[in-house]
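Text of the file my_file-v2.cif, holding mmCIF, C-alpha atoms:
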data_upload
#
loop_
_atom_site.label_atom_id
_atom_site.label_comp_id
_atom_site.auth_asym_id
_atom_site.auth_seq_id
_atom_site.Cartn_x
_atom_site.Cartn_y
_atom_site.Cartn_z
CA MET A 1096 0.00 0.00 0.00
CA ASN A 1097 1.35 3.41 -1.01
CA LEU A 1098 0.35 5.75 1.84
CA ALA A 1099 1.43 8.88 -0.05
CA THR A 1100 -1.18 8.22 -2.76
CA TYR A 1101 -4.04 8.44 -0.28
CA ILE A 1102 -2.59 11.55 1.37
CA ASN A 1103 -2.30 13.15 -2.05
CA ASP A 1104 -5.95 12.33 -2.87
CA LEU A 1105 -7.27 13.79 0.40
CA LEU A 1106 -5.34 17.07 0.04
CA TYR A 1107 -7.51 17.95 -2.97
CA ARG A 1108 -10.62 17.84 -0.72
CA TYR A 1109 -9.36 18.77 2.76
CA ASP A 1110 -7.05 21.44 4.16
CA CYS A 1111 -5.32 19.06 6.60
CA VAL A 1112 -4.42 15.36 6.47
CA ILE A 1113 -2.92 13.93 9.67
CA VAL A 1114 -0.66 10.87 9.65
CA PRO A 1115 -1.00 9.43 13.20
CA ASP A 1116 2.22 9.46 15.28
CA PHE A 1117 4.07 11.28 12.48
CA GLY A 1118 2.64 14.70 11.55
CA GLY A 1119 0.10 16.60 9.49
CA PHE A 1120 0.21 17.87 5.92
CA VAL A 1121 -1.54 21.25 5.81
CA THR A 1122 -2.49 23.29 2.72
CA ASN A 1123 -2.48 27.09 2.55
CA ARG A 1124 -4.30 28.96 -0.21
CA ILE A 1125 -2.24 31.44 -2.24
CA GLY A 1126 -3.83 33.89 -4.66
CA ALA A 1127 -2.87 34.47 -8.28
CA LYS A 1128 0.51 36.12 -8.86
CA THR A 1129 2.21 38.12 -11.59
CA ASN A 1130 5.96 38.44 -12.11
CA ASN A 1131 6.90 41.75 -13.74
CA PHE A 1132 10.43 40.55 -14.52
CA THR A 1133 9.61 37.22 -16.17
CA HIS A 1134 6.18 38.43 -17.45
CA THR A 1135 4.42 35.32 -16.11
CA PHE A 1136 0.93 34.87 -14.63
CA THR A 1137 0.47 32.12 -12.01
CA PRO A 1138 -3.09 30.92 -11.11
CA PRO A 1139 -4.31 30.52 -7.50
CA THR A 1140 -2.89 27.47 -5.73
CA LYS A 1141 -2.82 25.52 -2.47
CA GLN A 1142 0.71 25.08 -1.11
CA VAL A 1143 1.46 22.12 1.17
CA THR A 1144 3.34 22.49 4.48
CA PHE A 1145 4.17 19.98 7.23
CA ASN A 1146 3.41 20.28 10.96
CA SER A 1147 5.09 17.65 13.14
CA LEU A 1148 2.90 18.59 16.14
CA LEU A 1149 -0.32 17.30 14.52
CA LYS A 1150 -0.04 13.62 15.51
CA HIS A 1151 -3.40 12.64 17.02
CA ASN A 1152 -5.53 10.28 14.97
CA ASP A 1153 -8.61 12.10 13.67
CA GLY A 1154 -9.70 9.07 11.64
CA LEU A 1155 -9.76 10.80 8.24
CA LEU A 1156 -6.83 8.97 6.63
CA ALA A 1157 -7.68 5.56 8.11
CA ASN A 1158 -11.35 5.83 7.09
CA TYR A 1159 -10.42 6.77 3.54
CA ILE A 1160 -7.96 3.89 3.18
CA ALA A 1161 -10.47 1.43 4.68
CA SER A 1162 -13.09 2.58 2.17
CA ALA A 1163 -10.73 2.53 -0.81
CA GLU A 1164 -9.11 -0.83 0.01
CA ASN A 1165 -12.35 -2.40 1.32
CA ILE A 1166 -10.70 -3.33 4.62
CA SER A 1167 -11.49 -2.67 8.27
CA PHE A 1168 -10.56 0.52 10.11
CA THR A 1169 -8.15 -1.45 12.32
CA LYS A 1170 -6.28 -2.92 9.35
CA ALA A 1171 -6.05 0.51 7.75
CA SER A 1172 -4.61 1.97 10.96
CA THR A 1173 -2.06 -0.85 11.13
CA ALA A 1174 -0.98 -0.20 7.54
CA ILE A 1175 -0.49 3.49 8.35
CA SER A 1176 1.65 2.63 11.39
CA LEU A 1177 3.89 0.36 9.29
CA SER A 1178 4.43 3.10 6.70
CA VAL A 1179 5.26 5.60 9.47
CA ILE A 1180 7.85 3.24 10.95
CA LYS A 1181 9.41 2.80 7.50
CA TRP A 1182 9.62 6.57 6.95
CA GLN A 1183 11.14 7.14 10.40
CA ASN A 1184 13.82 4.50 9.80
CA GLU A 1185 14.72 5.85 6.35
CA LEU A 1186 14.95 9.42 7.65
CA GLN A 1187 17.79 8.42 9.97
CA SER A 1188 20.11 7.84 7.02
CA LYS A 1189 18.70 9.54 3.92
CA VAL A 1190 16.17 11.88 2.36
CA VAL A 1191 12.70 10.42 1.82
CA GLN A 1192 10.82 11.19 -1.39
CA ILE A 1193 7.02 11.00 -0.86
CA ASP A 1194 5.80 10.64 -4.43
CA SER A 1195 4.42 13.96 -5.72
CA LEU A 1196 4.02 15.51 -2.25
CA GLY A 1197 7.64 16.50 -1.71
CA ILE A 1198 10.79 15.54 0.19
CA LEU A 1199 11.28 14.80 3.91
CA SER A 1200 14.62 15.10 5.71
CA LEU A 1201 16.07 15.65 9.20
CA ASN A 1202 17.99 18.73 10.31
CA GLU A 1203 20.78 18.88 12.88
CA GLU A 1204 18.24 18.94 15.74
CA LYS A 1205 16.59 15.77 14.35
CA GLN A 1206 13.50 17.73 13.34
CA ILE A 1207 11.61 16.83 10.16
CA ILE A 1208 12.02 19.30 7.29
CA PHE A 1209 9.54 19.19 4.41
CA GLU A 1210 10.18 20.60 0.92
CA PRO A 1211 6.89 20.60 -1.05
CA ASN A 1212 6.58 19.90 -4.73
CA THR A 1213 5.44 23.29 -6.04
CA ALA A 1214 4.56 21.82 -9.45
CA VAL A 1215 1.39 20.21 -8.02
CA ASN A 1216 -1.62 22.46 -7.46
CA TYR A 1217 -4.14 21.02 -4.95
CA LEU A 1218 -6.70 23.79 -5.54
CA THR A 1219 -9.53 22.21 -7.54
CA GLU A 1220 -10.83 25.63 -8.58
CA SER A 1221 -7.63 26.10 -10.62
CA PHE A 1222 -7.94 22.75 -12.44
CA GLY A 1223 -6.71 23.10 -16.01
CA LEU A 1224 -5.01 26.45 -15.36
CA ASP A 1225 -1.27 26.73 -15.88
CA THR A 1226 1.39 29.41 -15.64
CA VAL A 1227 1.21 31.73 -18.65
CA THR A 1228 4.14 33.71 -20.04
CA SER A 1229 3.41 36.91 -21.95
CA SER A 1230 5.70 39.03 -24.03
CA ALA A 1231 6.58 42.45 -22.72
CA ILE A 1232 4.30 45.27 -23.86
CA SER A 1233 6.02 48.49 -24.84
CA ARG A 1234 4.08 51.65 -24.27
CA PHE A 1235 4.91 54.96 -25.97
CA LYS A 1236 3.94 58.21 -24.34
CA GLU A 1237 2.60 60.68 -26.87
CA GLN A 1238 3.71 64.20 -26.26
CA VAL A 1239 0.76 66.55 -26.15
CA LYS A 1240 1.42 70.13 -27.10
CA PRO A 1241 -0.15 72.68 -24.77
CA LEU A 1242 -3.04 74.66 -26.16
CA ASN A 1243 -2.49 78.32 -26.83
CA PRO A 1244 -4.46 80.36 -24.32
CA LEU A 1245 -7.29 82.40 -25.76
CA PRO A 1246 -6.98 86.14 -25.43
CA VAL A 1247 -8.93 87.55 -22.56
CA LYS A 1248 -11.51 90.00 -23.67
CA GLU A 1249 -11.95 93.12 -21.65
CA GLU A 1250 -15.26 93.49 -19.89
CA ASN A 1251 -17.71 95.60 -21.73
CA LYS A 1252 -18.12 98.92 -20.15
CA GLY A 1253 -21.15 101.03 -20.15
CA ILE A 1254 -23.83 98.37 -19.48
CA PRO A 1255 -27.25 100.03 -19.66
CA ALA A 1256 -28.79 100.85 -16.29
CA PHE A 1257 -32.11 99.05 -16.98
CA ILE A 1258 -30.24 95.70 -17.40
CA LYS A 1259 -28.58 96.12 -13.99
CA TYR A 1260 -31.96 96.90 -12.38
CA ALA A 1261 -33.61 93.89 -14.02
CA ALA A 1262 -30.89 91.55 -12.71
CA THR A 1263 -31.25 92.96 -9.19
CA ALA A 1264 -35.02 92.52 -9.28
CA ALA A 1265 -34.68 88.90 -10.39
CA ILE A 1266 -32.32 88.14 -7.48
CA LEU A 1267 -34.65 89.75 -4.92
CA LEU A 1268 -37.64 87.87 -6.32
CA THR A 1269 -35.79 84.53 -6.04
CA LEU A 1270 -34.80 85.24 -2.43
CA GLY A 1271 -38.42 86.12 -1.62
CA PHE A 1272 -39.72 82.80 -2.95
CA ALA A 1273 -37.01 80.90 -1.05
CA GLY A 1274 -37.92 82.65 2.22
CA TYR A 1275 -41.63 81.92 1.75
CA ASN A 1276 -40.96 78.24 1.06
CA GLY A 1277 -38.78 78.01 4.19
CA TYR A 1278 -41.52 79.58 6.32
CA GLU A 1279 -44.14 77.20 4.88
CA ASN A 1280 -41.95 74.13 5.58
CA ASN A 1281 -41.35 75.19 9.20
CA LEU A 1282 -45.09 75.73 9.72
CA GLN A 1283 -45.87 72.26 8.33
CA LYS A 1284 -43.27 70.60 10.62
CA GLU A 1285 -44.74 72.40 13.66
CA ASN A 1286 -48.27 71.16 12.82
CA LEU A 1287 -47.05 67.54 12.44
CA ALA A 1288 -45.24 67.74 15.80
CA ASN A 1289 -48.41 68.99 17.56
CA GLN A 1290 -50.48 66.18 16.02
CA GLU A 1291 -47.94 63.57 17.16
CA LYS A 1292 -48.02 64.90 20.76
CA ALA A 1293 -51.83 64.73 20.78
CA ILE A 1294 -51.81 61.10 19.61
CA GLN A 1295 -49.25 60.13 22.26
CA LYS A 1296 -51.44 61.69 25.02
CA LYS A 1297 -54.45 59.69 23.80
CA ILE A 1298 -52.44 56.46 23.86
CA GLN A 1299 -51.10 57.15 27.34
CA SER A 1300 -54.57 57.94 28.72
CA ALA A 1301 -56.16 54.83 27.18
CA THR A 1302 -56.93 51.97 29.60
CA PHE A 1303 -57.20 48.35 28.51
CA VAL A 1304 -59.20 46.06 30.80
CA ILE A 1305 -59.54 42.29 30.25
CA SER A 1306 -62.71 41.01 31.96
CA ASN A 1307 -61.77 37.31 31.91
CA PRO A 1308 -57.97 36.94 32.03
CA LEU A 1309 -56.33 33.57 31.43
CA PRO A 1310 -54.91 31.72 34.48
CA THR A 1311 -51.20 31.95 35.19
CA ILE A 1312 -49.13 28.85 34.34
CA ASN A 1313 -45.96 28.11 36.30
CA LEU A 1314 -43.33 26.16 34.37
CA ASN A 1315 -40.44 24.47 36.15
CA VAL A 1316 -37.55 24.75 33.70
CA VAL A 1317 -34.38 22.84 34.51
CA LYS A 1318 -31.35 24.61 33.11
CA GLU A 1319 -29.00 22.17 31.40
CA VAL A 1320 -25.46 22.39 32.71
CA ALA A 1321 -22.90 22.96 29.97
CA LYS A 1322 -20.27 20.27 29.51
CA PRO A 1323 -17.49 21.84 27.44
CA PHE A 1324 -14.82 19.16 28.15
CA HIS A 1325 -15.10 16.17 25.80
CA ILE A 1326 -12.92 13.03 25.70
CA ILE A 1327 -12.80 12.25 21.97
CA ALA A 1328 -13.04 8.58 20.96
CA GLY A 1329 -12.66 9.22 17.24
CA ALA A 1330 -13.67 11.27 14.21
CA PHE A 1331 -15.37 9.56 11.29
CA GLN A 1332 -15.90 10.46 7.67
CA PHE A 1333 -19.18 8.53 7.50
CA ALA A 1334 -21.95 9.25 10.00
CA GLU A 1335 -23.04 5.61 10.19
CA ASN A 1336 -19.57 4.63 11.44
CA ALA A 1337 -19.83 7.29 14.14
CA GLU A 1338 -23.25 6.00 15.25
CA LYS A 1339 -21.88 2.45 15.37
CA ARG A 1340 -18.99 3.61 17.57
CA VAL A 1341 -21.43 5.34 19.95
CA GLU A 1342 -23.40 2.10 20.38
CA GLU A 1343 -20.18 0.15 21.07
CA LEU A 1344 -19.08 2.61 23.77
CA LYS A 1345 -22.52 2.72 25.38
CA ALA A 1346 -22.43 -1.09 25.62
CA LYS A 1347 -19.17 -0.71 27.57
CA GLY A 1348 -20.79 1.69 30.03
CA PHE A 1349 -19.69 5.05 28.61
CA ASP A 1350 -22.06 7.98 28.15
CA ALA A 1351 -20.99 8.26 24.52
CA GLN A 1352 -22.54 10.65 22.04
CA ILE A 1353 -21.97 12.51 18.78
CA ILE A 1354 -21.01 16.15 19.44
CA GLY A 1355 -21.04 17.39 15.86
CA VAL A 1356 -18.81 17.78 12.82
CA ASN A 1357 -15.35 19.36 12.99
CA LYS A 1358 -13.84 21.80 10.47
CA TRP A 1359 -12.53 18.91 8.34
CA GLY A 1360 -16.02 17.46 7.88
CA LEU A 1361 -15.56 14.54 10.31
CA THR A 1362 -18.20 13.41 12.80
CA GLN A 1363 -16.74 13.44 16.34
CA VAL A 1364 -17.66 10.85 19.00
CA THR A 1365 -16.95 11.22 22.75
CA PHE A 1366 -16.45 8.70 25.52
CA ASN A 1367 -17.91 11.16 28.03
CA SER A 1368 -18.38 14.93 28.45
CA TYR A 1369 -17.66 16.84 31.69
CA THR A 1370 -18.30 20.22 33.27
CA ASN A 1371 -14.98 20.22 35.17
CA ARG A 1372 -11.54 20.16 33.54
CA ASN A 1373 -9.87 18.22 36.38
CA GLU A 1374 -12.50 15.50 36.26
CA ALA A 1375 -12.18 15.30 32.47
CA THR A 1376 -8.37 15.11 32.64
CA ASN A 1377 -8.39 12.33 35.25
CA ASN A 1378 -10.81 10.25 33.20
CA LEU A 1379 -8.79 10.92 30.03
CA TYR A 1380 -5.67 9.39 31.64
CA ARG A 1381 -7.71 6.39 32.78
CA ILE A 1382 -9.21 5.83 29.31
CA GLN A 1383 -5.79 6.18 27.60
CA LYS A 1384 -4.36 3.50 29.89
CA THR A 1385 -7.24 1.04 29.76
CA VAL A 1386 -9.26 1.61 26.56
CA SER A 1387 -7.61 3.76 23.87
CA LYS A 1388 -4.26 5.51 23.89
CA ASP A 1389 -5.46 7.72 20.99
CA ALA A 1390 -8.17 9.38 23.14
CA TRP A 1391 -7.70 13.13 23.57
CA LEU A 1392 -9.41 16.07 25.29
CA LEU A 1393 -11.43 18.63 23.34
CA VAL A 1394 -12.26 21.89 25.10
CA GLU A 1395 -15.31 23.59 23.62
CA LYS A 1396 -15.49 27.37 23.78
CA LEU A 1397 -18.71 28.60 25.39
CA ASP A 1398 -20.44 31.85 24.37
#
For this file, write the structure as structure tokens.
Amino acid sequence: MNLATYINDLLYRYDCVIVPDFGGFVTNRIGAKTNNFTHTFTPPTKQVTFNSLLKHNDGLLANYIASAENISFTKASTAISLSVIKWQNELQSKVVQIDSLGILSLNEEKQIIFEPNTAVNYLTESFGLDTVTSSAISRFKEQVKPLNPLPVKEENKGIPAFIKYAATAAILLTLGFAGYNGYENNLQKENLANQEKAIQKKIQSATFVISNPLPTINLNVVKEVAKPFHIIAGAFQFAENAEKRVEELKAKGFDAQIIGVNKWGLTQVTFNSYTNRNEATNNLYRIQKTVSKDAWLLVEKLD
């Protein structure tokens, strides 16, 4: 089984694919770019990075392999563990090429360094788009000659007196109409304000009496206590697998339930949920020792 093939397939649909006990491959969206020196246009893309801290098993990779290979979830998880052991052994002595994903190596501090293959674009929206090179476009600036200013004519002197008087009369008449309109608008606003006050007084003085009121009903409402601390038993791509896991845990005495879907589209199942962090942490240690070492604590943010 080639583990890298399944990781590569999932990166087209999800932003994060975690390899249990090894690390997570995370994609970051990058917008379209232009290079003014090489005259190239690059479409939007999703660049892959590696985070060695993402090691918990969220079930995405194992569920996908189990579905593709038609095997059980346990066998898929075992196959992933064998591939991880192989990669870890090879990294001690050489660089590991993971198909089209990129190259893994160790630095001096024995930390994993990942060099992605930038030729692969995991953004499905950019399918079929490739880098385009354009020839340089030369632009010529046309010199515009300034216009010759027109000669300024001297103002005519000796304007007849009756023209001056007519202009003055027109201005005064316009101002008179404007003043009258302003006075009329103010009067209308004052009338509307008086009408509004009269209506408000009528409403305030009105009395509503119900001759046969309905009896009062007392409801005893029990406020549900929030339980933001969840011990996660697994995350499943298919909802029916999550429901099956809940039934298995309930048969073992756990108060298991489905708490929703995470940001990667996986249905999360809990062993138990708690209101107190200390109680949740103590039970987490007990479950990791006796039931599942992959169990982990999810803290839900409350509004």
Problem - Spatial neighbours of A:Lys1141, max dist 6 Å, only C-alpha atoms, sep filter under 5 positions, as a list in words - result: Thr1122, Asn1123, Arg1124, Ile1125, Asn1216, Tyr1217 and Leu1218 of chain A
Practice task
Identify, on the basis of only C-alpha atoms, every residue whose closest approach to stretch 1111-1113 of chain A does not exceed 8 Å; exclude the query and any residue fewer than 6 positions from it along the same chain; express the result as a list in words.
Solution key: Ile1102, Leu1105, Gly1119, Phe1120, Val1121, Thr1122, Leu1149, Lys1150, His1151, Asn1152, Asp1153, Leu1155, Leu1156 and Trp1359 of chain A
Please report, as CSV, each residue of stretch 1379-1398 of chain A lying at most 12 Å from stretch 1334-1352 of chain A, together with the nearest pair of atoms and the separation in Å rounded to one decimal; use only C-alpha atoms, and order rows by chain and ascending residue number.
residue,atom,partner,partner_atom,distance
A:Ile1382,CA,A:Phe1349,CA,10.5
A:Val1386,CA,A:Lys1347,CA,10.2
A:Ser1387,CA,A:Leu1344,CA,11.5
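Reported to one decimal place, the separation of atom CA of A:Ile1207 from atom CA of A:Glu1185 is 12.0 Å.
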Exercise for the section: Find, counting only C-alpha atoms, the residue in A:Thr1169, A:Thr1219, A:Thr1370, A:Asn1202 that gets nearest to A:Ala1157. Expected result: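 Of A:Thr1169, A:Thr1219, A:Thr1370, A:Asn1202, the one nearest A:Ala1157, counting only C-alpha atoms, is A:Thr1169.
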Problem - Residues returned when the PyMOL selection byres ((chain A and resi 1365) around 6) runs on this file, as a list in words - result: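 Output from the PyMOL selection byres ((chain A and resi 1365) around 6), applied to this file: Ile1326, Ile1327, Ala1328, Ala1351, Gln1352, Val1364, Phe1366 and Asn1367 of chain A.
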